[in-house]
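> Hey, dropping final.cif in here, mmCIF, C-alpha atoms:
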```cif
data_my_file
loop_
_atom_site.label_atom_id
_atom_site.label_comp_id
_atom_site.auth_asym_id
_atom_site.auth_seq_id
_atom_site.Cartn_x
_atom_site.Cartn_y
_atom_site.Cartn_z
CA MET A 1 87.72 128.25 62.46
CA ASN A 2 84.12 128.20 63.69
CA ASN A 3 85.24 126.40 66.84
CA LEU A 4 87.78 129.11 67.59
CA ILE A 5 85.29 131.92 67.05
CA THR A 6 82.64 130.12 69.11
CA LEU A 7 85.15 129.69 71.94
CA VAL A 8 85.95 133.40 71.78
CA ALA A 9 82.23 134.20 71.81
CA GLY A 10 81.82 132.17 75.00
CA LEU A 11 84.84 133.89 76.52
CA MET A 12 83.41 137.32 75.60
CA PHE A 13 80.08 136.41 77.19
CA GLY A 14 81.70 135.20 80.41
CA THR A 15 84.04 138.17 80.57
CA GLY A 16 81.09 140.53 80.08
CA LEU A 17 79.39 138.88 83.04
CA LEU A 18 82.50 139.20 85.20
CA LEU A 19 83.18 142.81 84.17
CA SER A 20 79.64 143.87 85.05
CA GLY A 21 79.60 141.91 88.30
CA MET A 22 76.73 139.70 87.16
CA ALA A 23 78.55 136.58 88.33
CA ASN A 24 78.21 138.00 91.85
CA PRO A 25 74.81 136.89 93.21
CA ALA A 26 74.91 139.70 95.78
CA LYS A 27 74.90 142.30 92.99
CA VAL A 28 72.04 140.57 91.17
CA GLN A 29 69.92 140.20 94.29
CA ASN A 30 70.56 143.84 95.16
CA PHE A 31 69.05 144.80 91.79
CA LEU A 32 66.02 142.73 92.77
CA ASP A 33 65.91 144.36 96.22
CA LEU A 34 63.92 147.45 95.20
CA PHE A 35 63.08 148.42 98.77
CA GLY A 36 66.45 147.64 100.29
CA THR A 37 70.06 147.85 99.15
CA TRP A 38 69.05 148.60 95.53
CA ASP A 39 71.80 148.41 92.94
CA PRO A 40 70.53 149.38 89.45
CA SER A 41 73.57 147.90 87.67
CA LEU A 42 71.74 144.91 86.15
CA ALA A 43 69.43 147.22 84.20
CA PHE A 44 72.49 148.86 82.66
CA VAL A 45 73.94 145.45 81.80
CA MET A 46 70.77 144.48 80.00
CA GLY A 47 70.52 147.86 78.34
CA GLY A 48 74.13 147.66 77.23
CA ALA A 49 73.61 144.19 75.81
CA ILE A 50 70.35 144.93 73.98
CA SER A 51 71.79 148.12 72.49
CA ILE A 52 74.35 145.94 70.68
CA THR A 53 72.28 142.82 70.03
CA MET A 54 69.20 144.52 68.61
CA PRO A 55 70.94 146.29 65.73
CA GLY A 56 73.45 143.46 65.46
CA TYR A 57 70.79 140.80 64.99
CA TRP A 58 69.01 142.91 62.42
CA LEU A 59 72.23 143.39 60.47
CA VAL A 60 73.39 139.78 60.66
CA THR A 61 70.06 138.29 59.61
CA GLN A 62 70.09 140.28 56.39
CA ARG A 63 72.40 137.54 55.13
CA ALA A 64 70.88 134.40 53.61
CA LYS A 65 72.55 132.17 56.16
CA PRO A 66 75.11 132.21 59.01
CA PHE A 67 78.80 131.87 58.14
CA PHE A 68 79.19 128.30 59.42
CA ASN A 69 75.67 126.90 59.40
CA ASP A 70 72.86 126.29 56.91
CA VAL A 71 70.09 128.19 58.65
CA PHE A 72 69.39 130.77 61.32
CA HIS A 73 67.87 128.75 64.19
CA MET A 74 65.20 131.23 65.20
CA PRO A 75 62.48 130.26 67.68
CA LYS A 76 59.23 129.70 65.82
CA SER A 77 56.54 129.91 68.52
CA THR A 78 54.66 133.14 68.87
CA ASP A 79 51.85 132.19 71.26
CA PHE A 80 51.79 132.83 74.99
CA ASP A 81 51.21 129.37 76.40
CA SER A 82 51.10 128.04 79.95
CA ARG A 83 54.59 126.52 79.64
CA LEU A 84 56.09 129.94 78.91
CA ILE A 85 54.36 131.62 81.84
CA SER A 86 54.82 128.83 84.37
CA GLY A 87 58.41 128.27 83.28
CA ALA A 88 59.26 131.95 83.59
CA THR A 89 57.58 132.10 87.00
CA ILE A 90 59.44 129.05 88.31
CA PHE A 91 62.67 130.47 86.90
CA GLY A 92 61.97 133.80 88.58
CA VAL A 93 61.50 132.15 91.98
CA GLY A 94 64.81 130.30 91.66
CA TRP A 95 66.60 133.40 90.40
CA GLY A 96 65.32 135.47 93.28
CA LEU A 97 66.23 132.82 95.83
CA GLY A 98 69.76 132.22 94.58
CA GLY A 99 70.78 135.30 92.64
CA PHE A 100 72.17 132.97 90.01
CA CYS A 101 70.94 132.14 86.53
CA PRO A 102 72.55 129.70 84.07
CA GLY A 103 75.21 131.94 82.46
CA PRO A 104 76.63 133.50 85.64
CA ALA A 105 76.50 130.20 87.53
CA VAL A 106 78.53 128.31 84.91
CA THR A 107 80.94 131.25 84.54
CA ALA A 108 81.45 131.35 88.32
CA LEU A 109 82.17 127.60 88.59
CA PRO A 110 85.98 127.96 88.43
CA LEU A 111 85.81 130.16 91.53
CA ALA A 112 84.58 126.95 93.16
CA ALA A 113 82.34 128.37 95.86
CA THR A 114 80.44 125.42 97.36
CA GLY A 115 77.14 127.19 96.84
CA THR A 116 77.85 127.68 93.13
CA ILE A 117 78.73 124.02 92.65
CA ILE A 118 75.56 122.89 94.41
CA PHE A 119 73.49 125.36 92.38
CA VAL A 120 74.93 124.20 89.05
CA ILE A 121 74.51 120.49 89.80
CA MET A 122 70.88 121.00 90.83
CA MET A 123 70.31 123.31 87.85
CA LEU A 124 71.53 120.68 85.38
CA ILE A 125 69.28 118.10 87.05
CA GLY A 126 66.34 120.49 86.84
CA MET A 127 67.06 121.09 83.16
CA ALA A 128 67.23 117.38 82.37
CA VAL A 129 63.97 116.74 84.24
CA ALA A 130 62.29 119.54 82.27
CA LYS A 131 63.57 118.05 79.02
CA TYR A 132 62.14 114.63 79.88
CA PHE A 133 58.92 116.28 81.08
CA GLY A 134 58.63 118.10 77.75
CA LEU A 135 59.12 114.88 75.82
CA TRP A 136 56.54 113.11 78.00
CA CYS A 137 54.01 115.89 77.32
CA HIS A 138 54.63 115.63 73.58
CA ARG A 139 54.32 111.84 73.63
CA ARG A 140 51.13 112.04 75.67
CA ALA A 141 49.59 114.56 73.27
CA TRP A 142 50.66 112.37 70.35
CA ASP A 143 49.12 109.26 71.95
CA LEU A 144 45.88 111.10 72.72
CA ALA A 145 45.70 112.37 69.14
CA GLY A 146 46.34 108.83 67.87
CA LYS A 147 43.58 107.39 70.07
CA THR A 148 40.98 109.93 68.92
CA SER A 149 41.77 109.36 65.24
CA LYS A 150 41.13 105.63 65.67
CA MET A 151 37.56 106.35 66.90
CA MET B 1 75.09 143.93 102.05
CA GLN B 2 75.46 146.90 99.70
CA THR B 3 77.11 146.53 96.33
CA GLU B 4 78.48 149.47 94.36
CA PHE B 5 76.44 150.86 91.47
CA THR B 6 78.78 150.55 88.50
CA PRO B 7 77.02 152.13 85.48
CA LEU B 8 80.07 152.24 83.18
CA LEU B 9 81.31 148.72 83.87
CA SER B 10 77.73 147.45 83.57
CA LEU B 11 77.30 149.06 80.15
CA LEU B 12 80.68 147.76 79.02
CA GLY B 13 80.06 144.25 80.30
CA GLY B 14 76.60 144.29 78.80
CA GLY B 15 78.02 145.46 75.49
CA LEU B 16 80.46 142.55 75.51
CA ILE B 17 77.60 140.14 76.17
CA GLY B 18 75.67 141.73 73.31
CA ALA B 19 78.64 141.47 70.97
CA SER B 20 79.01 137.80 71.91
CA ALA B 21 75.36 137.19 71.06
CA VAL B 22 75.75 138.85 67.66
CA LEU B 23 78.90 136.81 66.98
CA LEU B 24 77.16 133.53 67.81
CA MET B 25 74.25 134.45 65.54
CA ALA B 26 76.54 135.47 62.71
CA THR B 27 78.62 132.30 62.86
CA ASN B 28 76.19 129.58 64.00
CA GLY B 29 72.78 131.17 63.61
CA ARG B 30 72.04 130.49 67.28
CA ILE B 31 70.46 132.44 70.11
CA SER B 32 72.94 132.79 72.96
CA GLY B 33 70.44 131.75 75.57
CA ILE B 34 72.54 129.88 78.10
CA SER B 35 69.66 127.71 79.32
CA GLY B 36 69.06 126.52 75.76
CA ILE B 37 72.75 126.00 75.08
CA LEU B 38 73.18 123.97 78.26
CA SER B 39 70.00 121.94 77.87
CA ARG B 40 71.03 121.03 74.33
CA ILE B 41 74.11 119.19 75.60
CA LEU B 42 72.22 117.39 78.39
CA PRO B 43 70.38 114.06 78.14
CA PRO B 44 68.27 112.93 76.45
CA ASN B 45 70.17 113.01 73.13
CA GLY B 46 72.79 115.45 74.37
CA ALA B 47 75.88 113.33 73.82
CA SER B 48 74.87 112.33 70.29
CA GLN B 49 76.05 115.70 69.02
CA GLY B 50 79.67 115.15 70.01
CA VAL B 51 81.77 118.29 70.29
CA SER B 52 79.08 120.76 69.25
CA PRO B 53 79.28 124.57 69.05
CA SER B 54 77.11 124.58 72.19
CA LEU B 55 79.72 122.64 74.13
CA ILE B 56 82.51 124.88 72.84
CA PHE B 57 80.58 128.01 73.84
CA VAL B 58 80.20 126.60 77.36
CA ILE B 59 83.95 125.91 77.48
CA GLY B 60 84.43 129.56 76.54
CA LEU B 61 82.31 130.54 79.56
CA LEU B 62 84.34 128.26 81.78
CA ILE B 63 87.71 129.74 80.79
CA SER B 64 86.52 133.30 81.50
CA VAL B 65 87.59 133.27 85.16
CA PRO B 66 91.06 131.77 84.49
CA VAL B 67 91.65 134.33 81.70
CA TRP B 68 90.39 137.12 83.99
CA MET B 69 92.77 136.07 86.72
CA LEU B 70 95.67 135.87 84.27
CA ILE B 71 95.04 139.46 83.19
CA ASN B 72 94.00 140.97 86.52
CA GLY B 73 96.08 138.90 88.89
CA GLN B 74 93.15 138.46 91.28
CA ALA B 75 89.77 136.76 91.40
CA PRO B 76 86.58 138.75 90.67
CA VAL B 77 84.61 139.86 93.72
CA GLN B 78 81.87 137.46 94.71
CA THR B 79 79.61 136.80 97.67
CA VAL B 80 77.88 133.43 97.45
CA SER B 81 75.38 132.34 100.08
CA LYS B 82 76.44 129.53 102.41
CA ASN B 83 72.85 128.33 102.65
CA LEU B 84 73.40 125.23 100.52
CA PRO B 85 69.84 123.82 100.69
CA LEU B 86 68.54 127.21 99.52
CA LEU B 87 70.95 127.28 96.60
CA GLY B 88 70.10 123.68 95.76
CA VAL B 89 66.40 124.50 95.59
CA ALA B 90 67.17 127.68 93.63
CA GLY B 91 69.20 125.62 91.17
CA VAL B 92 66.44 123.10 90.47
CA LEU B 93 63.89 125.88 89.97
CA VAL B 94 66.17 127.86 87.65
CA GLY B 95 67.03 124.74 85.66
CA PHE B 96 63.51 123.41 85.36
CA GLY B 97 61.89 126.79 84.85
CA SER B 98 64.29 127.98 82.16
CA VAL B 99 63.84 124.85 80.03
CA LEU B 100 60.05 124.76 80.58
CA GLY B 101 59.82 128.44 79.72
CA SER B 102 62.22 128.13 76.78
CA GLY B 103 64.70 130.68 78.06
CA CYS B 104 66.35 132.69 80.81
CA THR B 105 67.80 136.20 81.27
CA SER B 106 70.13 135.84 78.28
CA GLY B 107 67.75 133.93 76.02
CA HIS B 108 64.59 135.93 76.66
CA GLY B 109 65.93 139.05 78.34
CA VAL B 110 68.70 139.90 75.90
CA CYS B 111 68.24 137.86 72.71
CA GLY B 112 64.46 137.61 72.67
CA ILE B 113 63.85 141.26 73.38
CA SER B 114 66.47 142.16 70.76
CA ARG B 115 64.41 140.18 68.24
CA LEU B 116 61.31 142.09 69.39
CA SER B 117 59.76 138.78 70.46
CA GLY B 118 56.48 139.24 72.28
CA ARG B 119 56.96 135.89 74.00
CA SER B 120 60.31 136.97 75.36
CA MET B 121 58.99 140.31 76.57
CA VAL B 122 56.20 138.53 78.44
CA ALA B 123 58.62 135.93 79.83
CA THR B 124 61.07 138.62 80.95
CA ILE B 125 58.38 140.68 82.68
CA THR B 126 57.12 137.49 84.34
CA PHE B 127 60.42 136.32 85.76
CA MET B 128 61.53 139.83 86.71
CA THR B 129 58.30 140.50 88.61
CA THR B 130 58.48 137.11 90.30
CA ALA B 131 62.10 137.61 91.29
CA PHE B 132 61.38 141.10 92.70
CA ILE B 133 58.58 139.64 94.83
CA VAL B 134 60.71 136.71 96.00
CA VAL B 135 63.57 138.97 97.11
CA LEU B 136 61.09 141.30 98.83
CA LEU B 137 59.68 138.36 100.78
CA LEU B 138 63.07 136.82 101.46
CA ARG B 139 64.79 140.00 102.66
CA HIS B 140 62.01 142.10 104.11
CA VAL B 141 59.26 139.74 105.22
CA ILE B 142 61.06 136.56 106.25
CA GLY B 143 64.22 138.49 106.95
CA ALA B 144 66.67 135.94 105.62
#
```
Represent the structure contained in this file as structure tokens.

Amino acid sequence: MNNLITLVAGLMFGTGLLLSGMANPAKVQNFLDLFGTWDPSLAFVMGGAISITMPGYWLVTQRAKPFFNDVFHMPKSTDFDSRLISGATIFGVGWGLGGFCPGPAVTALPLAATGTIIFVIMMLIGMAVAKYFGLWCHRRAWDLAGKTSKM
Amino acid sequence: MQTEFTPLLSLLGGGLIGASAVLLMATNGRISGISGILSRILPPNGASQGVSPSLIFVIGLLISVPVWMLINGQAPVQTVSKNLPLLGVAGVLVGFGSVLGSGCTSGHGVCGISRLSGRSMVATITFMTTAFIVVLLLRHVIGA
């Protein structure tokens, strides 16, 4: 049952992207083109989404736990670290250059534009590299902590 | 190239995205941040989860176009750049940056802001500002 609902959730998300034109990089980049062919649509997409998710999240998390899981997997960090800022900056550069971000790119894959396929392949590589990089940073911090405690 | 401002369709599409996020939280207790969902099924330790809710959500994304075409009889409008090296570079940056920064437009922009997360607000402002500047340079300075 959970699998069916999760599939439907993914389908809803993708359909929302298609309906709003967010899977069209031209429309996204036009939102980002404040001094050119500006298309405000993306702001309305975000506004439309947040207007549902904000009250929805509040309502749903009143429950003790999700329907098909033991806990609500909420992010725990609250500090503004260099990884957040540099990651967001790097992401912003890529997003501006390509007009694609993860959701729209994956959703657009079946349309099989060569550019989309290239973007997604490179995006998955970038993600895997970042994962390994994150693990390496953790391990390095752990090793450094271990070395100082031996002294 | 101009695209049409579509306020109603944008609100509707956004609402659908929002509803999807609420559904995923209600059922699985997960943020529908696509960068997080994708990175979870990638190496290292991606395959160890088997057929996870994350994988199924991604399959849902992937069937959106086929379902759309079944209902509408035609493909959604799309203009993708033919500059493949540019898109390749964009892809790496988006992939690396979203995982390093713990989120993207859906994770931080929609879900994080909806949770009133200060981190997400800062991240969203950061990537929005950066993207605005990049497009300004790309379209109006370099003239690409």
> Which is closer to chain A than all the others in B:Pro85, B:Gly97, B:Gly107, B:Gly50, using all atoms listed in the file?
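So, comparing all the options, the nearest one is B:Gly97.
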> Measuring atom to atom with all atoms listed in the file, identify which of B:Ser117, B:Asn72, B:Thr27, B:Asn45 is nearest to chain A.
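Looking only at the distances to chain A, the closest residue turns out to be B:Thr27.
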> Where does the PyMOL selection byres ((chain B and resi 64) around 12) land in this file, that is, which residues does it pick, as a PDB file with C-alpha atoms, in the coordinates of the input?

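part.pdb written:
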```pdb
ATOM      1  CA  LEU A   7      85.150 129.690  71.940  1.00  0.00           C
ATOM      2  CA  VAL A   8      85.950 133.400  71.780  1.00  0.00           C
ATOM      3  CA  ALA A   9      82.230 134.200  71.810  1.00  0.00           C
ATOM      4  CA  GLY A  10      81.820 132.170  75.000  1.00  0.00           C
ATOM      5  CA  LEU A  11      84.840 133.890  76.520  1.00  0.00           C
ATOM      6  CA  MET A  12      83.410 137.320  75.600  1.00  0.00           C
ATOM      7  CA  PHE A  13      80.080 136.410  77.190  1.00  0.00           C
ATOM      8  CA  GLY A  14      81.700 135.200  80.410  1.00  0.00           C
ATOM      9  CA  THR A  15      84.040 138.170  80.570  1.00  0.00           C
ATOM     10  CA  GLY A  16      81.090 140.530  80.080  1.00  0.00           C
ATOM     11  CA  LEU A  17      79.390 138.880  83.040  1.00  0.00           C
ATOM     12  CA  LEU A  18      82.500 139.200  85.200  1.00  0.00           C
ATOM     13  CA  LEU A  19      83.180 142.810  84.170  1.00  0.00           C
ATOM     14  CA  ALA A  23      78.550 136.580  88.330  1.00  0.00           C
ATOM     15  CA  GLY A 103      75.210 131.940  82.460  1.00  0.00           C
ATOM     16  CA  PRO A 104      76.630 133.500  85.640  1.00  0.00           C
ATOM     17  CA  VAL A 106      78.530 128.310  84.910  1.00  0.00           C
ATOM     18  CA  THR A 107      80.940 131.250  84.540  1.00  0.00           C
ATOM     19  CA  ALA A 108      81.450 131.350  88.320  1.00  0.00           C
ATOM     20  CA  LEU A 109      82.170 127.600  88.590  1.00  0.00           C
ATOM     21  CA  PRO A 110      85.980 127.960  88.430  1.00  0.00           C
ATOM     22  CA  LEU A 111      85.810 130.160  91.530  1.00  0.00           C
TER      23      LEU A 111
ATOM     24  CA  PHE B  57      80.580 128.010  73.840  1.00  0.00           C
ATOM     25  CA  VAL B  58      80.200 126.600  77.360  1.00  0.00           C
ATOM     26  CA  ILE B  59      83.950 125.910  77.480  1.00  0.00           C
ATOM     27  CA  GLY B  60      84.430 129.560  76.540  1.00  0.00           C
ATOM     28  CA  LEU B  61      82.310 130.540  79.560  1.00  0.00           C
ATOM     29  CA  LEU B  62      84.340 128.260  81.780  1.00  0.00           C
ATOM     30  CA  ILE B  63      87.710 129.740  80.790  1.00  0.00           C
ATOM     31  CA  VAL B  65      87.590 133.270  85.160  1.00  0.00           C
ATOM     32  CA  PRO B  66      91.060 131.770  84.490  1.00  0.00           C
ATOM     33  CA  VAL B  67      91.650 134.330  81.700  1.00  0.00           C
ATOM     34  CA  TRP B  68      90.390 137.120  83.990  1.00  0.00           C
ATOM     35  CA  MET B  69      92.770 136.070  86.720  1.00  0.00           C
ATOM     36  CA  LEU B  70      95.670 135.870  84.270  1.00  0.00           C
ATOM     37  CA  ILE B  71      95.040 139.460  83.190  1.00  0.00           C
ATOM     38  CA  ASN B  72      94.000 140.970  86.520  1.00  0.00           C
ATOM     39  CA  ALA B  75      89.770 136.760  91.400  1.00  0.00           C
ATOM     40  CA  PRO B  76      86.580 138.750  90.670  1.00  0.00           C
TER      41      PRO B  76
END
```
> For CA of Val99 in chain B and CA of Leu16 in chain B, determine how far apart the two atoms are, in Å to one decimal place.
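These atoms are spaced 24.7 Å apart.
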> Within 8 Å of Asn69 in chain A, counting only C-alpha atoms, which residues qualify if same-chain residues fewer than 3 places away don't, as a list in words?
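My reading of the contact set: Lys65, Pro66 and Phe72 of chain A; Thr27, Asn28 and Gly29 of chain B.
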> Could you save those same residues with C-alpha atoms as a short mmCIF file (atom, residue, chain, number, x, y, z; two decimals), in the frame of the given file?

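Output file result31.cif is given in full below:
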```cif
data_model
loop_
_atom_site.label_atom_id
_atom_site.label_comp_id
_atom_site.auth_asym_id
_atom_site.auth_seq_id
_atom_site.Cartn_x
_atom_site.Cartn_y
_atom_site.Cartn_z
CA LYS A 65 72.55 132.17 56.16
CA PRO A 66 75.11 132.21 59.01
CA PHE A 72 69.39 130.77 61.32
CA THR B 27 78.62 132.30 62.86
CA ASN B 28 76.19 129.58 64.00
CA GLY B 29 72.78 131.17 63.61
#
```
> Where does the PyMOL selection byres ((chain B and resi 1) around 8) land in this file, that is, which residues does it pick, as a compact mmCIF listing (two decimals) with C-alpha atoms, in the frame of the given file?

```
# COMPACT_ATOMS: atom_id res chain seq x y z
CA ALA A 26 74.91 139.70 95.78
CA THR A 37 70.06 147.85 99.15
CA GLN B 2 75.46 146.90 99.70
CA THR B 3 77.11 146.53 96.33
```
